[in-house]
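**Q** Submitted below is the structure of interest, expressed as structure tokens.
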Amino acid sequence: MEKFQAPLALLARLFLAYIFVVEGWEKLFRYEGTAAYMDANGVPASLLPLVIMTELGGGILVTLGFMARYAALALAGFCLLTALLFHTDFANVEQLINFNKNIAIVDFWRWLRSARVHFRSMNGAGAPS
């Protein structure tokens, strides 16, 4: 079973990174709508460039395996903040699902950051990224 750990971790890392790349790209091209949504939820729209950079940049770094553990930490923090700022109306089932999804993603990034999974990466051949 251990021989599958590295390939499965890489696959999981790529699938999850894809979500963030797509979401960051989406925010970039729907800038005004995203800014309005942030303002409506009490989050300054001036933070949107940082949000886009975190999602898009973090997703790309994780995909490339370059500083992936640092990017995973940033994305975990982003997911936690998103859960706490936007998804706390637990009477709304969709919000509860999104809250739980974000917490699960935080836990995955925490695992990836601490896992002793060795796979090829840009910042060290065969070393954990």
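Following the order of the structure tokens, chains are lettered A, B, ..., residues in each are numbered from 1, and ligands are numbered from 1.
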So which bits of chain A end up helix (DSSP H, G or I) when you DSSP the backbone, as an MDAnalysis selection string?
**A** chainID A and resid 2:29 31:40 45:64 68:86 93:114
**Q** Give me the segment 39-121 of chain A side of the contact with segment 22-29 of chain A, cut-off 9 Å, one line per residue showing its nearest atom pair and distance in Å at one decimal, counting only C-alpha atoms, sorted by chain and residue number, as CSV.
**A**
```
residue,atom,partner,partner_atom,distance
A:Leu48,CA,A:Lys27,CA,8.3
A:Pro49,CA,A:Leu28,CA,8.4
A:Val51,CA,A:Gly24,CA,7.6
A:Ile52,CA,A:Gly24,CA,4.9
A:Met53,CA,A:Gly24,CA,7.4
A:Thr54,CA,A:Gly24,CA,7.8
A:Glu55,CA,A:Gly24,CA,4.9
A:Leu56,CA,A:Gly24,CA,4.5
A:Gly57,CA,A:Gly24,CA,8.2
A:Gly59,CA,A:Gly24,CA,8.4
```
**Q** Can you tell me, as JSON, numbers by chain, what residues are no more than 12 Å from Thr82 of chain A when counting only C-alpha atoms, ignoring any on the same chain fewer than 2 positions away?
**A** {"A": [38, 41, 43, 51, 55, 75, 76, 77, 78, 79, 80, 84, 85, 86, 87, 88, 95, 98, 99, 100, 101, 102, 103, 105, 106]}
**Q** Based on the selection just made, write N, CA and C atoms of those residues as a CSV table (one decimal), in the first residue's frame.
**A**
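Once everything was written out, this is part-v1.csv:
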```
chain,number,residue,atom,x,y,z
A,38,MET,N,-17.8,40.4,-2.1
A,38,MET,CA,-17.0,40.5,-0.9
A,38,MET,C,-17.5,41.7,0.0
A,41,ASN,N,-20.5,41.1,2.0
A,41,ASN,CA,-20.2,40.2,3.2
A,41,ASN,C,-19.3,40.8,4.2
A,43,VAL,N,-16.3,42.2,3.7
A,43,VAL,CA,-14.9,42.0,3.4
A,43,VAL,C,-14.5,43.0,2.3
A,51,VAL,N,-6.6,37.8,-2.8
A,51,VAL,CA,-7.4,36.6,-3.0
A,51,VAL,C,-7.1,35.9,-4.3
A,55,GLU,N,-5.2,32.2,-4.6
A,55,GLU,CA,-5.8,31.1,-5.3
A,55,GLU,C,-5.1,30.7,-6.5
A,75,LEU,N,-3.0,28.3,1.2
A,75,LEU,CA,-4.3,27.9,0.7
A,75,LEU,C,-5.2,27.4,1.9
A,76,ALA,N,-4.6,26.7,2.8
A,76,ALA,CA,-5.3,26.3,4.0
A,76,ALA,C,-5.8,27.5,4.8
A,77,GLY,N,-5.0,28.5,5.0
A,77,GLY,CA,-5.4,29.7,5.7
A,77,GLY,C,-6.5,30.4,4.9
A,78,PHE,N,-6.4,30.4,3.6
A,78,PHE,CA,-7.4,31.0,2.8
A,78,PHE,C,-8.8,30.3,3.0
A,79,CYS,N,-8.7,28.9,2.9
A,79,CYS,CA,-10.0,28.1,3.1
A,79,CYS,C,-10.6,28.4,4.5
A,80,LEU,N,-9.7,28.4,5.5
A,80,LEU,CA,-10.3,28.7,6.9
A,80,LEU,C,-10.9,30.0,7.0
A,84,LEU,N,-14.9,30.9,7.6
A,84,LEU,CA,-15.4,31.7,8.8
A,84,LEU,C,-16.0,33.0,8.3
A,85,LEU,N,-15.6,33.6,7.2
A,85,LEU,CA,-16.2,34.8,6.8
A,85,LEU,C,-17.5,34.7,5.9
A,86,PHE,N,-17.6,33.6,5.1
A,86,PHE,CA,-18.6,33.6,4.1
A,86,PHE,C,-19.6,32.4,4.4
A,87,HIS,N,-19.3,31.4,5.2
A,87,HIS,CA,-20.1,30.2,5.3
A,87,HIS,C,-20.5,29.9,6.7
A,88,THR,N,-21.0,30.8,7.5
A,88,THR,CA,-21.4,30.5,8.8
A,88,THR,C,-22.9,30.6,9.1
A,95,GLN,N,-24.7,26.7,2.8
A,95,GLN,CA,-23.6,27.3,3.6
A,95,GLN,C,-22.9,26.3,4.5
A,98,ASN,N,-20.7,24.1,2.3
A,98,ASN,CA,-19.5,24.9,1.9
A,98,ASN,C,-18.5,25.1,3.1
A,99,PHE,N,-19.1,25.3,4.3
A,99,PHE,CA,-18.2,25.4,5.5
A,99,PHE,C,-17.5,24.1,5.7
A,100,ASN,N,-18.2,22.9,5.7
A,100,ASN,CA,-17.6,21.6,5.9
A,100,ASN,C,-16.6,21.3,4.8
A,101,LYS,N,-16.9,21.7,3.5
A,101,LYS,CA,-16.0,21.5,2.4
A,101,LYS,C,-14.7,22.2,2.7
A,102,ASN,N,-14.8,23.5,3.1
A,102,ASN,CA,-13.6,24.3,3.3
A,102,ASN,C,-12.7,23.7,4.5
A,103,ILE,N,-13.4,23.3,5.5
A,103,ILE,CA,-12.6,22.7,6.6
A,103,ILE,C,-12.0,21.4,6.2
A,105,ILE,N,-10.9,20.7,3.2
A,105,ILE,CA,-9.7,21.2,2.4
A,105,ILE,C,-8.6,21.6,3.2
A,106,VAL,N,-8.9,22.4,4.3
A,106,VAL,CA,-7.9,22.8,5.3
A,106,VAL,C,-7.2,21.6,5.8
```
**Q** Residues within 12 Å of Ala72 of chain A, please, as JSON, numbers by chain. Count only C-alpha atoms; anything in the same chain fewer than 2 positions from it doesn't count.
**A** {"A": [13, 14, 16, 17, 20, 54, 55, 57, 58, 59, 60, 61, 62, 63, 65, 66, 67, 68, 69, 70, 74, 75, 76, 77, 78, 79, 105, 106, 107, 108, 109, 110, 111, 112, 113, 114, 115, 129]}
**Q** What is the atom CA of Glu32 of chain A-atom CA of Ala45 of chain A distance in Å, reported with one decimal?
**A**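 Computed distance, atom CA of Glu32 of chain A to atom CA of Ala45 of chain A, equals 9.1 Å.
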**Q** What gap, in Å, lies between atom CA of Ala91 of chain A and atom CA of Arg30 of chain A?
**A**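 Computed distance, atom CA of Ala91 of chain A to atom CA of Arg30 of chain A, equals 28.1 Å.
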**Q** Report, in Å to a single decimal, how far apart atom CA of Tyr18 of chain A and atom CA of Leu50 of chain A are.
**A**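 Rounded to one decimal, the two atoms are 18.3 Å apart.
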**Q** Let me make sure I understand: among A:Leu10, A:Tyr31, A:Glu2, A:Leu73, which one has the smallest atom-to-atom distance to Ser46 of chain A if we use only C-alpha atoms?
**A**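 Using only C-alpha atoms, Ser46 of chain A sits closest to A:Tyr31.
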